[in-house]
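Visitor: Got a structure for you, my_file.cif, holding mmCIF, C-alpha atoms.
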```cif
data_input
#
loop_
_atom_site.label_atom_id
_atom_site.label_comp_id
_atom_site.auth_asym_id
_atom_site.auth_seq_id
_atom_site.Cartn_x
_atom_site.Cartn_y
_atom_site.Cartn_z
CA MET F 594 -81.10 -93.90 24.13
CA THR F 595 -80.25 -93.20 27.75
CA LEU F 596 -76.60 -92.52 28.45
CA LYS F 597 -75.17 -94.40 31.44
CA LEU F 598 -72.18 -92.74 33.11
CA PHE F 599 -70.24 -94.07 36.05
CA VAL F 600 -68.15 -91.68 38.16
CA ALA F 601 -65.51 -93.00 40.57
CA ASP F 602 -64.15 -89.92 42.35
CA ASP F 603 -63.78 -89.09 46.04
CA SER F 604 -64.76 -85.47 45.32
CA ILE F 605 -68.47 -84.86 45.79
CA THR F 606 -67.98 -81.63 43.83
CA ILE F 607 -66.74 -83.52 40.75
CA GLN F 608 -69.63 -85.98 41.06
CA LYS F 609 -72.08 -83.05 41.12
CA ILE F 610 -70.38 -81.25 38.23
CA VAL F 611 -70.69 -84.37 36.06
CA ALA F 612 -74.37 -84.73 37.02
CA LEU F 613 -75.03 -81.07 36.20
CA ALA F 614 -73.12 -81.28 32.91
CA PHE F 615 -75.37 -84.08 31.68
CA GLY F 616 -78.52 -82.73 33.34
CA GLY F 617 -80.01 -81.65 30.02
CA GLU F 618 -79.58 -85.08 28.46
CA ALA F 619 -81.21 -88.43 28.94
CA ALA F 620 -78.50 -89.68 31.27
CA VAL F 621 -78.29 -91.91 34.32
CA ILE F 622 -75.25 -91.23 36.46
CA GLN F 623 -74.02 -93.47 39.24
CA SER F 624 -71.19 -92.34 41.52
CA VAL F 625 -68.92 -93.89 44.13
CA SER F 626 -66.19 -92.34 46.27
CA ASN F 627 -63.56 -95.08 46.20
CA GLY F 628 -61.98 -97.45 43.74
CA ASP F 629 -62.73 -100.65 45.62
CA SER F 630 -66.50 -100.23 45.43
CA ALA F 631 -66.17 -98.97 41.84
CA LEU F 632 -65.26 -102.39 40.49
CA ASP F 633 -68.35 -104.16 41.83
CA GLU F 634 -70.66 -101.27 40.93
CA VAL F 635 -69.36 -101.02 37.35
CA ARG F 636 -70.07 -104.72 36.79
CA ALA F 637 -73.64 -104.32 38.04
CA PHE F 638 -74.37 -100.95 36.36
CA LYS F 639 -72.77 -101.70 32.94
CA PRO F 640 -72.14 -98.04 32.03
CA ASP F 641 -71.50 -96.58 28.60
CA VAL F 642 -68.51 -94.60 29.94
CA VAL F 643 -66.51 -94.67 33.19
CA LEU F 644 -64.86 -91.57 34.68
CA ALA F 645 -62.22 -92.58 37.24
CA ASP F 646 -60.11 -90.35 39.47
CA VAL F 647 -56.43 -91.21 39.27
CA PHE F 648 -55.96 -90.54 43.02
CA MET F 649 -58.78 -91.87 45.20
CA PRO F 650 -59.08 -94.23 48.19
CA GLY F 651 -58.87 -97.94 47.47
CA CYS F 652 -57.98 -98.85 43.90
CA ASN F 653 -56.77 -95.79 42.01
CA GLY F 654 -58.12 -94.83 38.58
CA TYR F 655 -55.37 -96.67 36.73
CA GLU F 656 -56.21 -99.89 38.60
CA VAL F 657 -59.94 -99.44 38.02
CA CYS F 658 -59.28 -98.96 34.30
CA LYS F 659 -57.00 -102.01 34.17
CA HIS F 660 -59.64 -104.23 35.81
CA ILE F 661 -62.35 -102.95 33.46
CA LYS F 662 -60.23 -103.57 30.37
CA GLU F 663 -59.32 -107.09 31.59
CA ASP F 664 -62.96 -108.06 32.22
CA PRO F 665 -64.43 -109.66 29.06
CA ALA F 666 -67.89 -108.27 29.85
CA LEU F 667 -66.57 -104.70 30.27
CA GLN F 668 -63.44 -104.50 28.11
CA ASN F 669 -65.09 -102.31 25.46
CA THR F 670 -66.31 -99.77 28.02
CA PRO F 671 -64.46 -96.46 27.50
CA VAL F 672 -62.61 -95.15 30.56
CA ILE F 673 -61.66 -91.51 31.03
CA LEU F 674 -59.13 -90.85 33.78
CA LEU F 675 -59.53 -87.69 35.87
CA VAL F 676 -56.45 -86.02 37.34
CA GLY F 677 -56.10 -82.92 39.49
CA ALA F 678 -54.31 -79.91 38.03
CA PHE F 679 -51.49 -80.24 40.58
CA GLU F 680 -51.27 -84.05 40.55
CA PRO F 681 -48.91 -86.00 38.29
CA PHE F 682 -50.42 -87.86 35.35
CA ASP F 683 -48.54 -90.99 34.27
CA GLU F 684 -48.99 -91.11 30.50
CA SER F 685 -47.20 -94.46 30.11
CA GLU F 686 -49.36 -96.05 32.84
CA ALA F 687 -52.50 -94.67 31.16
CA VAL F 688 -51.46 -96.27 27.87
CA ARG F 689 -50.58 -99.54 29.63
CA VAL F 690 -54.04 -99.81 31.24
CA LYS F 691 -55.68 -98.84 27.90
CA CYS F 692 -57.58 -95.78 29.07
CA ASN F 693 -59.49 -93.95 26.36
CA GLY F 694 -58.59 -90.43 27.43
CA HIS F 695 -58.02 -88.15 30.38
CA LEU F 696 -59.19 -84.79 31.69
CA THR F 697 -57.48 -82.43 34.10
CA LYS F 698 -59.64 -81.15 36.94
CA PRO F 699 -61.16 -78.66 37.03
CA PHE F 700 -62.28 -79.36 33.48
CA ASP F 701 -64.55 -77.50 31.13
CA THR F 702 -67.87 -79.36 31.09
CA THR F 703 -68.13 -78.81 27.33
CA GLU F 704 -64.87 -80.73 26.92
CA LEU F 705 -66.23 -83.53 29.13
CA ILE F 706 -69.46 -83.79 27.14
CA GLN F 707 -67.60 -83.77 23.80
CA MET F 708 -65.20 -86.46 24.93
CA VAL F 709 -67.95 -88.72 26.30
CA HIS F 710 -70.05 -88.43 23.13
CA LYS F 711 -67.05 -88.97 20.88
CA LEU F 712 -66.15 -92.16 22.78
CA ILE F 713 -69.70 -93.49 22.75
CA ASN F 714 -70.04 -92.92 19.01
CA LYS F 715 -66.84 -94.81 18.19
CA GLY F 716 -66.76 -98.59 17.98
CA ASP F 717 -62.99 -98.90 17.81
CA CYS F 718 -61.47 -98.28 21.26
CA ALA F 719 -57.97 -97.69 19.91
CA GLN F 720 -59.26 -95.00 17.56
CA SER F 721 -61.38 -93.58 20.39
CA HIS F 722 -58.26 -93.24 22.54
CA ALA F 723 -56.49 -91.27 19.82
CA ASP F 724 -59.56 -89.15 19.11
CA ALA F 725 -60.14 -88.36 22.80
CA ARG F 726 -56.51 -87.30 23.15
CA GLU F 727 -56.88 -85.06 20.10
CA VAL F 728 -60.00 -83.39 21.54
CA HIS F 729 -58.15 -82.85 24.82
CA LYS F 730 -55.09 -81.38 23.06
CA MET F 731 -57.22 -79.05 20.94
CA ASN F 732 -59.13 -77.81 23.97
CA GLN F 733 -55.93 -77.35 25.98
CA ALA F 734 -54.30 -75.40 23.15
CA SER F 735 -57.24 -73.01 22.95
CA LYS F 736 -57.10 -72.10 26.65
CA GLN F 737 -55.22 -69.01 27.80
CA SER F 738 -54.80 -70.24 31.38
CA ALA F 739 -54.72 -73.52 33.26
CA VAL F 740 -58.42 -73.09 34.10
CA SER F 741 -61.04 -72.22 31.49
CA SER F 742 -63.19 -69.15 31.98
CA ALA F 743 -66.31 -71.34 32.18
CA ALA F 744 -64.80 -73.46 34.95
CA ARG F 745 -63.44 -70.40 36.73
CA GLY F 746 -66.90 -68.78 36.60
CA SER F 747 -68.63 -71.90 37.83
CA PHE F 748 -66.29 -72.25 40.82
CA LEU F 749 -65.51 -68.65 41.69
CA GLY F 750 -68.44 -66.69 40.30
CA PRO F 751 -68.43 -64.28 37.35
CA ASP F 752 -67.02 -61.30 39.30
CA ARG F 753 -63.69 -62.91 40.27
#
```
In structure tokens, how does this file's structure come out?
Guide:
Amino acid sequence: MTLKLFVADDSITIQKIVALAFGGEAAVIQSVSNGDSALDEVRAFKPDVVLADVFMPGCNGYEVCKHIKEDPALQNTPVILLVGAFEPFDESEAVRVKCNGHLTKPFDTTELIQMVHKLINKGDCAQSHADAREVHKMNQASKQSAVSSAARGSFLGPDR
């Protein structure tokens, strides 16, 4: 089965990191740089999982998630919100719009892959939300710094 991922993020770097992370899998990845075009593209693409940046031009990630969850044809599509390390994440808003999890950028690609596969393999969105949060908490607890060594190496090189 081919995995269909949709990335709504104004960072070309994040779009490329997601593409590289799933490069070894049978995956089709479609990306847009703003929330307004995300809504139309998601309806046409019908992805298995949506990754949406909380702060991007047009509709923000919370709004994109809300529209997806309100659309009868898309309401079961898992949505992972992406938030920058120095940007505020509104936990209550994320719960209100029924997101299935969130990742802090820069994220460990292993964490991204695990979260996506866990969400795809779950039929119950409410359980998926709790499970995705648990994976995120476990991964955060195991990190010594705000940025994992894998992410640090991928951005800065192994000698820094």
Visitor: On this file, the PyMOL selection byres ((chain F and resi 638) around 10) gives some set of residues; write that set as a PyMOL selection string.
Guide: chain F and resi 597-599+622-623+633-637+639-641
Visitor: Mind telling me what the PyMOL selection byres ((chain F and resi 678) around 12) catches here, as an NGL selection string?
Guide: :F and (647-648 or 675-677 or 679-682 or 695-700 or 738-740)
Visitor: Those residues you just picked out, can you put them in a file as an mmCIF file, in the frame of the given file with C-alpha atoms?
Guide:
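Below is the file that was written, out_9.cif:
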```
data_model
loop_
_atom_site.group_PDB
_atom_site.id
_atom_site.type_symbol
_atom_site.label_atom_id
_atom_site.label_comp_id
_atom_site.auth_asym_id
_atom_site.auth_seq_id
_atom_site.Cartn_x
_atom_site.Cartn_y
_atom_site.Cartn_z
ATOM 1 C CA VAL F 647 -56.430 -91.210 39.270
ATOM 2 C CA PHE F 648 -55.960 -90.540 43.020
ATOM 3 C CA LEU F 675 -59.530 -87.690 35.870
ATOM 4 C CA VAL F 676 -56.450 -86.020 37.340
ATOM 5 C CA GLY F 677 -56.100 -82.920 39.490
ATOM 6 C CA PHE F 679 -51.490 -80.240 40.580
ATOM 7 C CA GLU F 680 -51.270 -84.050 40.550
ATOM 8 C CA PRO F 681 -48.910 -86.000 38.290
ATOM 9 C CA PHE F 682 -50.420 -87.860 35.350
ATOM 10 C CA HIS F 695 -58.020 -88.150 30.380
ATOM 11 C CA LEU F 696 -59.190 -84.790 31.690
ATOM 12 C CA THR F 697 -57.480 -82.430 34.100
ATOM 13 C CA LYS F 698 -59.640 -81.150 36.940
ATOM 14 C CA PRO F 699 -61.160 -78.660 37.030
ATOM 15 C CA PHE F 700 -62.280 -79.360 33.480
ATOM 16 C CA SER F 738 -54.800 -70.240 31.380
ATOM 17 C CA ALA F 739 -54.720 -73.520 33.260
ATOM 18 C CA VAL F 740 -58.420 -73.090 34.100
#
```
Visitor: Which polymer residues have any atom within 12 Å of an atom of range 660-669 of chain F, counting all atoms listed in the file, with same-chain residues fewer than 6 positions away left out, as number ranges by chain?
Guide: F: 628-629, 631-645, 652-654, 687-693, 712-713, 715-719, 721-722
Visitor: What residues come out when you apply the PyMOL selection byres ((chain F and resi 626) around 8) to this file, written as a list in words?
Guide: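 For this structure, the PyMOL selection byres ((chain F and resi 626) around 8) captures Ala601, Asp602, Asp603, Ser604, Ile605, Ser624, Val625, Asn627, Gly628, Ser630, Ala631, Met649 and Pro650 of chain F.
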Visitor: Suppose you want the space between CA of Leu596 in chain F and CA of Cys658 in chain F; what is it in Å?
Guide: 19.4 Å
Visitor: CA of Val657 in chain F and CA of Gly617 in chain F, how far apart in Å?
Guide: 28.0 Å
Visitor: Figure out the distance between CA of Tyr655 in chain F and CA of Ile610 in chain F, please, to one decimal in Å.
Guide: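 So the two atoms, CA of Ile610 in chain F and CA of Tyr655 in chain F, lie 21.6 Å apart.
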Visitor: Rank nothing, just name the residue among F:Gly651, F:Thr670, F:Glu618, F:Glu684 nearest to Asn714 in chain F, using all atoms listed in the file.
Guide: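 So, comparing all the options, the nearest one is F:Thr670.
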